[in-house]
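input-v5.cif, holding mmCIF, C-alpha atoms:
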```cif
data_model
#
loop_
_atom_site.group_PDB
_atom_site.id
_atom_site.type_symbol
_atom_site.label_atom_id
_atom_site.label_comp_id
_atom_site.auth_asym_id
_atom_site.auth_seq_id
_atom_site.Cartn_x
_atom_site.Cartn_y
_atom_site.Cartn_z
ATOM 1 C CA MET Q 1 39.529 54.652 53.721
ATOM 2 C CA SER Q 2 38.416 57.864 55.369
ATOM 3 C CA LYS Q 3 35.561 57.259 57.783
ATOM 4 C CA ARG Q 4 34.514 60.894 57.395
ATOM 5 C CA TRP Q 5 34.323 60.536 53.600
ATOM 6 C CA VAL Q 6 32.219 57.373 53.872
ATOM 7 C CA GLN Q 7 29.830 59.027 56.325
ATOM 8 C CA MET Q 8 29.484 62.071 54.058
ATOM 9 C CA MET Q 9 28.601 59.979 51.011
ATOM 10 C CA ILE Q 10 26.139 57.884 52.974
ATOM 11 C CA GLY Q 11 24.587 61.041 54.420
ATOM 12 C CA ILE Q 12 24.008 62.433 50.939
ATOM 13 C CA THR Q 13 22.410 59.151 49.885
ATOM 14 C CA ILE Q 14 20.095 58.966 52.898
ATOM 15 C CA LEU Q 15 18.883 62.531 52.323
ATOM 16 C CA GLY Q 16 18.524 61.945 48.614
ATOM 17 C CA LEU Q 17 16.508 58.770 48.977
ATOM 18 C CA PHE Q 18 14.349 60.169 51.749
ATOM 19 C CA PHE Q 19 13.417 63.378 49.953
ATOM 20 C CA GLY Q 20 13.334 61.870 46.486
ATOM 21 C CA TRP Q 21 16.224 64.026 45.291
ATOM 22 C CA ILE Q 22 18.108 61.111 43.747
ATOM 23 C CA ARG Q 23 16.910 59.856 40.411
ATOM 24 C CA HIS Q 24 17.396 56.156 39.842
ATOM 25 C CA VAL Q 25 20.169 55.433 37.381
ATOM 26 C CA ASP Q 26 19.398 54.648 33.787
ATOM 27 C CA ALA Q 27 21.160 54.671 30.426
ATOM 28 C CA LYS Q 28 21.760 58.414 30.744
ATOM 29 C CA ALA Q 29 24.260 57.943 33.593
ATOM 30 C CA GLU Q 30 26.988 57.050 31.087
ATOM 31 C CA GLN Q 31 25.963 59.940 28.826
ATOM 32 C CA ASP Q 32 26.278 62.374 31.750
ATOM 33 C CA ALA Q 33 29.789 61.104 32.499
ATOM 34 C CA GLN Q 34 30.864 61.276 28.871
ATOM 35 C CA LEU Q 35 29.582 64.848 28.512
ATOM 36 C CA LEU Q 36 31.218 66.016 31.746
ATOM 37 C CA LEU Q 37 34.633 64.637 30.765
ATOM 38 C CA ARG Q 38 34.499 65.743 27.121
ATOM 39 C CA VAL Q 39 33.622 69.355 27.903
ATOM 40 C CA ALA Q 40 36.151 69.602 30.752
ATOM 41 C CA LYS Q 41 39.210 68.510 28.758
ATOM 42 C CA PRO Q 42 39.961 71.793 26.900
ATOM 43 C CA PHE Q 43 39.828 73.700 30.199
ATOM 44 C CA MET Q 44 42.516 71.569 31.889
ATOM 45 C CA GLN Q 45 46.208 71.429 31.103
ATOM 46 C CA SER Q 46 47.657 68.704 33.320
ATOM 47 C CA ASN Q 47 47.411 66.365 36.313
ATOM 48 C CA GLU Q 48 43.830 65.364 35.689
ATOM 49 C CA HIS Q 49 42.253 62.951 38.114
ATOM 50 C CA ILE Q 50 38.933 61.249 37.334
ATOM 51 C CA THR Q 51 36.586 59.796 39.960
ATOM 52 C CA PHE Q 52 33.377 57.804 39.510
ATOM 53 C CA LYS Q 53 31.268 57.040 42.607
ATOM 54 C CA TYR Q 54 28.011 55.138 42.964
ATOM 55 C CA THR Q 55 26.194 55.203 46.299
ATOM 56 C CA GLY Q 56 23.019 53.325 47.211
ATOM 57 C CA TYR Q 57 21.011 51.498 49.860
ATOM 58 C CA PHE Q 58 21.997 47.835 50.306
ATOM 59 C CA GLY Q 59 19.620 46.124 52.739
ATOM 60 C CA THR Q 60 20.045 45.905 56.509
ATOM 61 C CA CYS Q 61 23.114 45.078 58.588
ATOM 62 C CA ASP Q 62 21.971 46.396 61.999
ATOM 63 C CA GLY Q 63 25.431 47.839 62.626
ATOM 64 C CA VAL Q 64 26.760 44.301 63.222
ATOM 65 C CA ASN Q 65 30.288 43.759 61.887
ATOM 66 C CA ALA Q 66 29.645 40.154 60.842
ATOM 67 C CA LYS Q 67 26.620 41.198 58.782
ATOM 68 C CA VAL Q 68 28.555 44.061 57.180
ATOM 69 C CA MET Q 69 31.372 41.663 56.277
ATOM 70 C CA ASP Q 70 28.925 39.151 54.807
ATOM 71 C CA ALA Q 71 27.134 41.829 52.776
ATOM 72 C CA GLY Q 72 30.452 43.227 51.535
ATOM 73 C CA GLU Q 73 31.807 39.840 50.488
ATOM 74 C CA ARG Q 74 28.584 38.918 48.688
ATOM 75 C CA LEU Q 75 28.557 42.177 46.761
ATOM 76 C CA SER Q 76 32.273 42.120 45.930
ATOM 77 C CA ASN Q 77 31.864 38.614 44.496
ATOM 78 C CA LYS Q 78 28.877 39.679 42.416
ATOM 79 C CA LEU Q 79 30.815 42.660 41.050
ATOM 80 C CA GLY Q 80 33.821 40.479 40.215
ATOM 81 C CA PHE Q 81 36.215 42.164 42.629
ATOM 82 C CA GLN Q 82 39.620 40.566 42.994
ATOM 83 C CA SER Q 83 41.867 42.251 45.533
ATOM 84 C CA TYR Q 84 45.058 43.503 43.868
ATOM 85 C CA THR Q 85 47.071 43.378 47.114
ATOM 86 C CA ASN Q 86 47.957 40.625 49.553
ATOM 87 C CA GLU Q 87 46.495 42.642 52.400
ATOM 88 C CA PRO Q 88 43.437 41.234 54.212
ATOM 89 C CA LEU Q 89 40.063 42.816 53.602
ATOM 90 C CA SER Q 90 39.467 45.795 55.848
ATOM 91 C CA LEU Q 91 36.627 45.948 58.357
ATOM 92 C CA ASN Q 92 36.695 48.820 60.831
ATOM 93 C CA SER Q 93 33.770 50.446 62.684
ATOM 94 C CA SER Q 94 31.201 48.567 60.585
ATOM 95 C CA ILE Q 95 32.890 49.649 57.340
ATOM 96 C CA TYR Q 96 33.998 46.959 54.860
ATOM 97 C CA THR Q 97 36.431 47.868 52.042
ATOM 98 C CA VAL Q 98 38.160 46.025 49.215
ATOM 99 C CA LYS Q 99 40.131 47.308 46.220
ATOM 100 C CA SER Q 100 40.654 45.995 42.712
ATOM 101 C CA GLU Q 101 42.288 47.141 39.482
ATOM 102 C CA VAL Q 102 39.806 47.923 36.709
ATOM 103 C CA ALA Q 103 39.727 49.530 33.254
ATOM 104 C CA GLY Q 104 43.485 49.347 32.806
ATOM 105 C CA SER Q 105 45.128 51.927 35.069
ATOM 106 C CA ALA Q 106 42.201 52.636 37.413
ATOM 107 C CA VAL Q 107 41.645 51.420 40.975
ATOM 108 C CA ALA Q 108 38.142 50.596 42.202
ATOM 109 C CA THR Q 109 37.181 50.610 45.878
ATOM 110 C CA LEU Q 110 34.040 48.935 47.173
ATOM 111 C CA THR Q 111 32.809 50.073 50.586
ATOM 112 C CA VAL Q 112 29.855 48.630 52.493
ATOM 113 C CA ALA Q 113 28.930 50.413 55.702
ATOM 114 C CA SER Q 114 26.270 50.471 58.390
ATOM 115 C CA PRO Q 115 26.122 53.928 60.043
ATOM 116 C CA LEU Q 116 26.057 54.125 63.817
ATOM 117 C CA GLY Q 117 22.528 53.923 65.179
ATOM 118 C CA GLN Q 118 21.025 52.639 61.929
ATOM 119 C CA SER Q 119 20.012 49.192 60.733
ATOM 120 C CA ALA Q 120 20.630 50.000 57.062
ATOM 121 C CA CYS Q 121 23.642 49.049 54.963
ATOM 122 C CA TYR Q 122 24.928 51.308 52.190
ATOM 123 C CA ALA Q 123 27.263 50.458 49.333
ATOM 124 C CA VAL Q 124 29.739 52.895 47.796
ATOM 125 C CA LEU Q 125 31.550 51.871 44.636
ATOM 126 C CA ARG Q 126 34.350 54.242 43.647
ATOM 127 C CA VAL Q 127 36.937 54.218 40.874
ATOM 128 C CA ASP Q 128 39.925 56.590 40.724
ATOM 129 C CA ALA Q 129 41.830 56.992 37.473
ATOM 130 C CA PRO Q 130 44.546 59.275 36.102
ATOM 131 C CA GLY Q 131 43.630 61.686 33.340
ATOM 132 C CA SER Q 132 45.610 59.503 30.925
ATOM 133 C CA ALA Q 133 43.233 56.570 31.477
ATOM 134 C CA ASP Q 134 41.220 55.285 28.530
ATOM 135 C CA GLN Q 135 37.905 57.061 29.006
ATOM 136 C CA ASP Q 136 36.093 54.598 26.757
ATOM 137 C CA GLN Q 137 37.157 51.803 29.115
ATOM 138 C CA LEU Q 138 36.010 53.807 32.136
ATOM 139 C CA LEU Q 139 32.601 54.448 30.577
ATOM 140 C CA LYS Q 140 32.260 50.781 29.628
ATOM 141 C CA TRP Q 141 33.149 49.805 33.219
ATOM 142 C CA GLN Q 142 30.530 52.257 34.517
ATOM 143 C CA GLU Q 143 27.884 50.755 32.248
ATOM 144 C CA GLN Q 144 28.748 47.223 33.386
ATOM 145 C CA MET Q 145 28.676 48.208 37.050
ATOM 146 C CA THR Q 146 25.331 49.989 36.626
ATOM 147 C CA THR Q 147 23.820 46.758 35.313
ATOM 148 C CA GLN Q 148 25.357 44.708 38.144
ATOM 149 C CA LEU Q 149 24.319 47.121 40.906
ATOM 150 C CA ILE Q 150 20.747 47.413 39.698
ATOM 151 C CA GLY Q 151 20.684 43.613 39.409
ATOM 152 C CA GLN Q 152 21.516 43.468 43.122
ATOM 153 C CA GLY Q 153 18.651 45.844 43.901
ATOM 154 C CA ILE Q 154 20.976 48.738 44.770
ATOM 155 C CA GLN Q 155 19.234 51.875 43.568
ATOM 156 C CA GLY Q 156 21.354 54.959 43.844
ATOM 157 C CA MET Q 157 23.221 57.519 41.777
ATOM 158 C CA TRP Q 158 26.528 58.092 40.033
ATOM 159 C CA ASN Q 159 28.731 61.007 41.012
ATOM 160 C CA VAL Q 160 31.419 61.763 38.387
ATOM 161 C CA MET Q 161 34.251 64.265 38.874
ATOM 162 C CA ILE Q 162 37.398 65.438 37.143
ATOM 163 C CA GLN Q 163 40.112 67.547 38.739
ATOM 164 C CA GLY Q 164 43.310 69.082 37.397
ATOM 165 C CA SER Q 165 45.265 72.263 36.776
ATOM 166 C CA ALA Q 166 43.298 74.873 34.870
ATOM 167 C CA ALA Q 167 44.353 75.654 31.304
ATOM 168 C CA GLU Q 168 47.057 78.264 30.660
ATOM 169 C CA ASP Q 169 44.455 80.809 29.552
ATOM 170 C CA LEU Q 170 43.475 81.301 33.198
ATOM 171 C CA SER Q 171 47.066 81.697 34.391
ATOM 172 C CA LEU Q 172 47.690 84.333 31.734
ATOM 173 C CA SER Q 173 44.490 86.325 32.214
ATOM 174 C CA ASN Q 174 44.182 85.683 35.967
ATOM 175 C CA ASP Q 175 40.438 86.242 35.662
ATOM 176 C CA PRO Q 176 38.733 83.291 37.404
ATOM 177 C CA LYS Q 177 35.258 84.790 36.986
ATOM 178 C CA GLU Q 178 35.609 84.975 33.219
ATOM 179 C CA PHE Q 179 37.073 81.467 33.080
ATOM 180 C CA LEU Q 180 34.185 80.169 35.178
ATOM 181 C CA ALA Q 181 31.670 81.938 32.926
ATOM 182 C CA GLU Q 182 33.157 80.180 29.886
ATOM 183 C CA LEU Q 183 32.723 76.818 31.591
ATOM 184 C CA VAL Q 184 29.120 77.588 32.511
ATOM 185 C CA GLN Q 185 28.442 78.415 28.872
ATOM 186 C CA ALA Q 186 30.227 75.255 27.684
ATOM 187 C CA TYR Q 187 27.933 73.129 29.858
ATOM 188 C CA LYS Q 188 24.896 75.106 28.654
ATOM 189 C CA GLY Q 189 23.988 75.829 32.263
ATOM 190 C CA ASN Q 190 22.348 78.510 34.341
ATOM 191 C CA VAL Q 191 23.980 79.410 37.650
ATOM 192 C CA VAL Q 192 21.718 78.828 40.666
ATOM 193 C CA GLU Q 193 24.350 79.266 43.410
ATOM 194 C CA ARG Q 194 27.749 80.989 43.630
ATOM 195 C CA TYR Q 195 30.557 81.171 46.153
ATOM 196 C CA GLU Q 196 33.813 83.144 46.157
ATOM 197 C CA ASP Q 197 36.357 84.104 48.800
ATOM 198 C CA GLY Q 198 39.385 85.414 46.921
ATOM 199 C CA THR Q 199 41.140 82.097 46.313
ATOM 200 C CA THR Q 200 38.074 79.961 45.603
ATOM 201 C CA PHE Q 201 35.341 80.511 43.027
ATOM 202 C CA SER Q 202 32.520 78.014 42.543
ATOM 203 C CA ALA Q 203 29.188 77.763 40.750
ATOM 204 C CA SER Q 204 26.301 75.304 40.886
ATOM 205 C CA LEU Q 205 24.439 74.923 37.610
ATOM 206 C CA VAL Q 206 21.190 73.592 36.291
ATOM 207 C CA SER Q 207 21.595 72.242 32.760
ATOM 208 C CA SER Q 208 19.087 70.383 30.620
ATOM 209 C CA GLU Q 209 22.038 68.535 29.057
ATOM 210 C CA PHE Q 210 22.328 66.354 32.172
ATOM 211 C CA GLU Q 211 19.939 63.779 33.605
ATOM 212 C CA ALA Q 212 21.384 63.322 37.108
ATOM 213 C CA SER Q 213 20.384 65.967 39.623
ATOM 214 C CA ILE Q 214 20.221 66.760 43.304
ATOM 215 C CA ARG Q 215 18.532 69.578 45.195
ATOM 216 C CA SER Q 216 20.456 72.194 47.112
ATOM 217 C CA GLY Q 217 17.888 74.087 49.144
ATOM 218 C CA ASN Q 218 15.103 74.792 46.678
ATOM 219 C CA GLN Q 219 17.396 74.674 43.665
ATOM 220 C CA LYS Q 220 17.990 71.796 41.277
ATOM 221 C CA VAL Q 221 21.685 71.194 40.544
ATOM 222 C CA ASN Q 222 23.175 69.129 37.700
ATOM 223 C CA VAL Q 223 26.790 70.343 37.651
ATOM 224 C CA GLN Q 224 29.198 72.018 40.054
ATOM 225 C CA ILE Q 225 32.381 73.817 39.023
ATOM 226 C CA ALA Q 226 35.093 75.045 41.403
ATOM 227 C CA LEU Q 227 38.346 76.950 40.950
ATOM 228 C CA HIS Q 228 40.875 77.132 43.771
ATOM 229 C CA LEU Q 229 44.168 79.025 43.756
ATOM 230 C CA ASP Q 230 47.153 77.118 45.127
ATOM 231 C CA THR Q 231 49.017 79.998 46.738
ATOM 232 C CA THR Q 232 52.259 77.990 46.827
ATOM 233 C CA SER Q 233 52.454 77.123 43.130
ATOM 234 C CA GLY Q 234 50.327 79.994 41.855
ATOM 235 C CA LEU Q 235 48.291 77.540 39.787
ATOM 236 C CA TRP Q 236 44.514 77.303 39.679
ATOM 237 C CA ARG Q 237 43.018 73.883 40.418
ATOM 238 C CA LEU Q 238 39.813 73.122 38.525
ATOM 239 C CA THR Q 239 37.249 70.606 39.776
ATOM 240 C CA ILE Q 240 34.021 69.726 37.948
ATOM 241 C CA GLY Q 241 31.388 67.224 39.074
ATOM 242 C CA THR Q 242 27.941 65.943 38.217
ATOM 243 C CA PRO Q 243 25.553 66.282 39.889
ATOM 244 C CA ILE Q 244 27.804 67.783 42.629
ATOM 245 C CA ILE Q 245 31.420 67.801 43.791
ATOM 246 C CA THR Q 246 32.089 65.481 46.734
ATOM 247 C CA MET Q 247 35.867 65.818 46.951
ATOM 248 C CA GLU Q 248 38.183 68.469 48.305
ATOM 249 C CA TYR Q 249 38.869 71.255 45.832
#
```
Conversion result in structure tokens:
Amino acid sequence: MSKRWVQMMIGITILGLFFGWIRHVDAKAEQDAQLLLRVAKPFMQSNEHITFKYTGYFGTCDGVNAKVMDAGERLSNKLGFQSYTNEPLSLNSSIYTVKSEVAGSAVATLTVASPLGQSACYAVLRVDAPGSADQDQLLKWQEQMTTQLIGQGIQGMWNVMIQGSAAEDLSLSNDPKEFLAELVQAYKGNVVERYEDGTTFSASLVSSEFEASIRSGNQKVNVQIALHLDTTSGLWRLTIGTPIITMEY
């Protein structure tokens, strides 16, 4: 487990909760995920990778390892986690992690952490699945976990992402801006932020089709799309996330 990744996700959650950027999850969380994945499929040709992440506040641990371990074990039991390896549970630098197989071919990781200098505990539930995974099972798992997490008083948000090689149309036309524009239209979004540097093109969108949102500066964002050119293979890697992308693209 990357300590930097955990700190980044917790940082986003702290800011979101403090400024009211994060909307509490409801039935629309699953609808957002379903829409994101359904629209993305025609724009990807291979090697898809799907990630679901839920991050939320989980009481106080005071940065004490024993309290983090206790909180992590209590939550993992409530969520029905059963470690799929014979390795002991991991606890490093006030970060508890455990993994379990879920929804067929997916792997879920539960992380409970208490950031340095804070009394709070935060929980991050993440599932990583190949593009071939049964999406209906993933969405059902998400719905079940939403119910369990809310039942434990963990209010937070889902972050859903899909990543893979862009469809052949992009390789043939080699016009990332046009490809990106087609995706923006497919998600019925309006671009509020753009970035490009020659090998990377990204856009942040606001779309009334999605419930989940976060603020970037003064702008509301529901979806982020990024294209990155792998200069070794010559292929474009496409990453799409709601409400934002929190993985390397």
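Here the residues that fall within 9 Å of (35.0, 44.0, 56.2), using all atoms listed in the file, are given as Q:Asn65, Q:Ala66, Q:Val68, Q:Met69, Q:Asp70, Q:Ala71, Q:Gly72, Q:Glu73, Q:Leu89, Q:Ser90, Q:Leu91, Q:Asn92, Q:Ser94, Q:Ile95, Q:Tyr96, Q:Thr97, Q:Val98, Q:Thr111, Q:Val112, Q:Ala113.
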Those residues with C-alpha atoms, as a PDB file, in the frame of the given file please?
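So the final result, stored in out.pdb, reads:
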```pdb
ATOM      1  CA  ASN Q  65      30.288  43.759  61.887  1.00  0.00           C
ATOM      2  CA  ALA Q  66      29.645  40.154  60.842  1.00  0.00           C
ATOM      3  CA  VAL Q  68      28.555  44.061  57.180  1.00  0.00           C
ATOM      4  CA  MET Q  69      31.372  41.663  56.277  1.00  0.00           C
ATOM      5  CA  ASP Q  70      28.925  39.151  54.807  1.00  0.00           C
ATOM      6  CA  ALA Q  71      27.134  41.829  52.776  1.00  0.00           C
ATOM      7  CA  GLY Q  72      30.452  43.227  51.535  1.00  0.00           C
ATOM      8  CA  GLU Q  73      31.807  39.840  50.488  1.00  0.00           C
ATOM      9  CA  LEU Q  89      40.063  42.816  53.602  1.00  0.00           C
ATOM     10  CA  SER Q  90      39.467  45.795  55.848  1.00  0.00           C
ATOM     11  CA  LEU Q  91      36.627  45.948  58.357  1.00  0.00           C
ATOM     12  CA  ASN Q  92      36.695  48.820  60.831  1.00  0.00           C
ATOM     13  CA  SER Q  94      31.201  48.567  60.585  1.00  0.00           C
ATOM     14  CA  ILE Q  95      32.890  49.649  57.340  1.00  0.00           C
ATOM     15  CA  TYR Q  96      33.998  46.959  54.860  1.00  0.00           C
ATOM     16  CA  THR Q  97      36.431  47.868  52.042  1.00  0.00           C
ATOM     17  CA  VAL Q  98      38.160  46.025  49.215  1.00  0.00           C
ATOM     18  CA  THR Q 111      32.809  50.073  50.586  1.00  0.00           C
ATOM     19  CA  VAL Q 112      29.855  48.630  52.493  1.00  0.00           C
ATOM     20  CA  ALA Q 113      28.930  50.413  55.702  1.00  0.00           C
TER      21      ALA Q 113
END
```
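Across Q:Ala106, Q:Leu227, Q:Gln45, Q:Glu30, the tightest approach to Glu178 (chain Q) is made by Q:Leu227 when counting only C-alpha atoms.
Those residues that approach Tyr249 (chain Q) to within 8 Å, counting only C-alpha atoms, are Q:Ala226, Q:Leu227, Q:His228, Q:Arg237, Q:Leu238, Q:Thr239; same-chain residues fewer than 4 positions away are not listed.
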Selection to disk with C-alpha atoms, as a short mmCIF file (atom, residue, chain, number, x, y, z; two decimals), in the coordinates of the input:
```
data_model
loop_
_atom_site.label_atom_id
_atom_site.label_comp_id
_atom_site.auth_asym_id
_atom_site.auth_seq_id
_atom_site.Cartn_x
_atom_site.Cartn_y
_atom_site.Cartn_z
CA ALA Q 226 35.09 75.04 41.40
CA LEU Q 227 38.35 76.95 40.95
CA HIS Q 228 40.88 77.13 43.77
CA ARG Q 237 43.02 73.88 40.42
CA LEU Q 238 39.81 73.12 38.52
CA THR Q 239 37.25 70.61 39.78
#
```
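The residue that comes closest to Leu139 (chain Q), out of Q:Val160, Q:Ser119, Q:Lys67, Q:Arg194 and on the basis of only C-alpha atoms, is Q:Val160.
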Contact residues around Glu182 (chain Q) with all atoms listed in the file at 12 Å, ignoring same-chain residues under 2 positions, as a PDB file with C-alpha atoms, keeping the file's coordinate frame:
```
ATOM      1  CA  VAL Q  39      33.622  69.355  27.903  1.00  0.00           C
ATOM      2  CA  ALA Q  40      36.151  69.602  30.752  1.00  0.00           C
ATOM      3  CA  PRO Q  42      39.961  71.793  26.900  1.00  0.00           C
ATOM      4  CA  PHE Q  43      39.828  73.700  30.199  1.00  0.00           C
ATOM      5  CA  ASP Q 169      44.455  80.809  29.552  1.00  0.00           C
ATOM      6  CA  LEU Q 170      43.475  81.301  33.198  1.00  0.00           C
ATOM      7  CA  ASP Q 175      40.438  86.242  35.662  1.00  0.00           C
ATOM      8  CA  PRO Q 176      38.733  83.291  37.404  1.00  0.00           C
ATOM      9  CA  LYS Q 177      35.258  84.790  36.986  1.00  0.00           C
ATOM     10  CA  GLU Q 178      35.609  84.975  33.219  1.00  0.00           C
ATOM     11  CA  PHE Q 179      37.073  81.467  33.080  1.00  0.00           C
ATOM     12  CA  LEU Q 180      34.185  80.169  35.178  1.00  0.00           C
ATOM     13  CA  VAL Q 184      29.120  77.588  32.511  1.00  0.00           C
ATOM     14  CA  GLN Q 185      28.442  78.415  28.872  1.00  0.00           C
ATOM     15  CA  ALA Q 186      30.227  75.255  27.684  1.00  0.00           C
ATOM     16  CA  TYR Q 187      27.933  73.129  29.858  1.00  0.00           C
ATOM     17  CA  LYS Q 188      24.896  75.106  28.654  1.00  0.00           C
ATOM     18  CA  GLY Q 189      23.988  75.829  32.263  1.00  0.00           C
ATOM     19  CA  ASN Q 190      22.348  78.510  34.341  1.00  0.00           C
ATOM     20  CA  ALA Q 203      29.188  77.763  40.750  1.00  0.00           C
ATOM     21  CA  ILE Q 225      32.381  73.817  39.023  1.00  0.00           C
TER      22      ILE Q 225
END
```
**Prompt:** For Thr109 (chain Q), which residue among Q:Val206, Q:Gly151, Q:Phe81, Q:Pro130 is the nearest when counting only C-alpha atoms?
**Reply:** Q:Phe81
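Atom pair CA of Lys140 (chain Q) / CA of Ala103 (chain Q): separated by 8.4 Å.
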For region 177-192 of chain Q, supply N, CA, C and O atoms and report the output as a tab-separated table (two decimals), in the coordinates of the input.
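And here's part_20.tsv as it stands now:
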```
chain	number	residue	atom	x	y	z
Q	177	LYS	N	36.68	84.62	37.26
Q	177	LYS	CA	35.26	84.79	36.99
Q	177	LYS	C	34.95	84.59	35.51
Q	177	LYS	O	33.96	83.96	35.14
Q	178	GLU	N	35.81	85.13	34.66
Q	178	GLU	CA	35.61	84.98	33.22
Q	178	GLU	C	35.79	83.53	32.80
Q	178	GLU	O	35.04	82.99	31.98
Q	179	PHE	N	36.81	82.88	33.38
Q	179	PHE	CA	37.07	81.47	33.08
Q	179	PHE	C	35.88	80.61	33.49
Q	179	PHE	O	35.45	79.72	32.75
Q	180	LEU	N	35.34	80.90	34.68
Q	180	LEU	CA	34.18	80.17	35.18
Q	180	LEU	C	32.97	80.39	34.27
Q	180	LEU	O	32.22	79.45	33.99
Q	181	ALA	N	32.79	81.62	33.81
Q	181	ALA	CA	31.67	81.94	32.93
Q	181	ALA	C	31.75	81.15	31.62
Q	181	ALA	O	30.73	80.70	31.08
Q	182	GLU	N	32.97	80.95	31.11
Q	182	GLU	CA	33.16	80.18	29.89
Q	182	GLU	C	32.77	78.72	30.10
Q	182	GLU	O	32.16	78.09	29.23
Q	183	LEU	N	33.10	78.19	31.27
Q	183	LEU	CA	32.72	76.82	31.59
Q	183	LEU	C	31.21	76.66	31.72
Q	183	LEU	O	30.63	75.69	31.24
Q	184	VAL	N	30.58	77.62	32.37
Q	184	VAL	CA	29.12	77.59	32.51
Q	184	VAL	C	28.47	77.56	31.13
Q	184	VAL	O	27.54	76.78	30.88
Q	185	GLN	N	28.97	78.37	30.23
Q	185	GLN	CA	28.44	78.42	28.87
Q	185	GLN	C	28.70	77.10	28.15
Q	185	GLN	O	27.83	76.61	27.41
Q	186	ALA	N	29.88	76.51	28.35
Q	186	ALA	CA	30.23	75.26	27.68
Q	186	ALA	C	29.30	74.12	28.10
Q	186	ALA	O	28.98	73.24	27.30
Q	187	TYR	N	28.85	74.15	29.36
Q	187	TYR	CA	27.93	73.13	29.86
Q	187	TYR	C	26.47	73.50	29.64
Q	187	TYR	O	25.58	72.79	30.09
Q	188	LYS	N	26.25	74.63	28.97
Q	188	LYS	CA	24.90	75.11	28.65
Q	188	LYS	C	24.06	75.20	29.93
Q	188	LYS	O	22.90	74.75	29.98
Q	189	GLY	N	24.65	75.77	30.96
Q	189	GLY	CA	23.99	75.83	32.26
Q	189	GLY	C	23.59	77.23	32.68
Q	189	GLY	O	24.05	78.22	32.14
Q	190	ASN	N	22.72	77.27	33.67
Q	190	ASN	CA	22.35	78.51	34.34
Q	190	ASN	C	22.79	78.40	35.79
Q	190	ASN	O	22.53	77.39	36.46
Q	191	VAL	N	23.46	79.44	36.28
Q	191	VAL	CA	23.98	79.41	37.65
Q	191	VAL	C	22.85	79.61	38.65
Q	191	VAL	O	22.08	80.57	38.54
Q	192	VAL	N	22.74	78.70	39.63
Q	192	VAL	CA	21.72	78.83	40.67
Q	192	VAL	C	22.34	79.18	42.02
Q	192	VAL	O	21.65	79.66	42.91
```
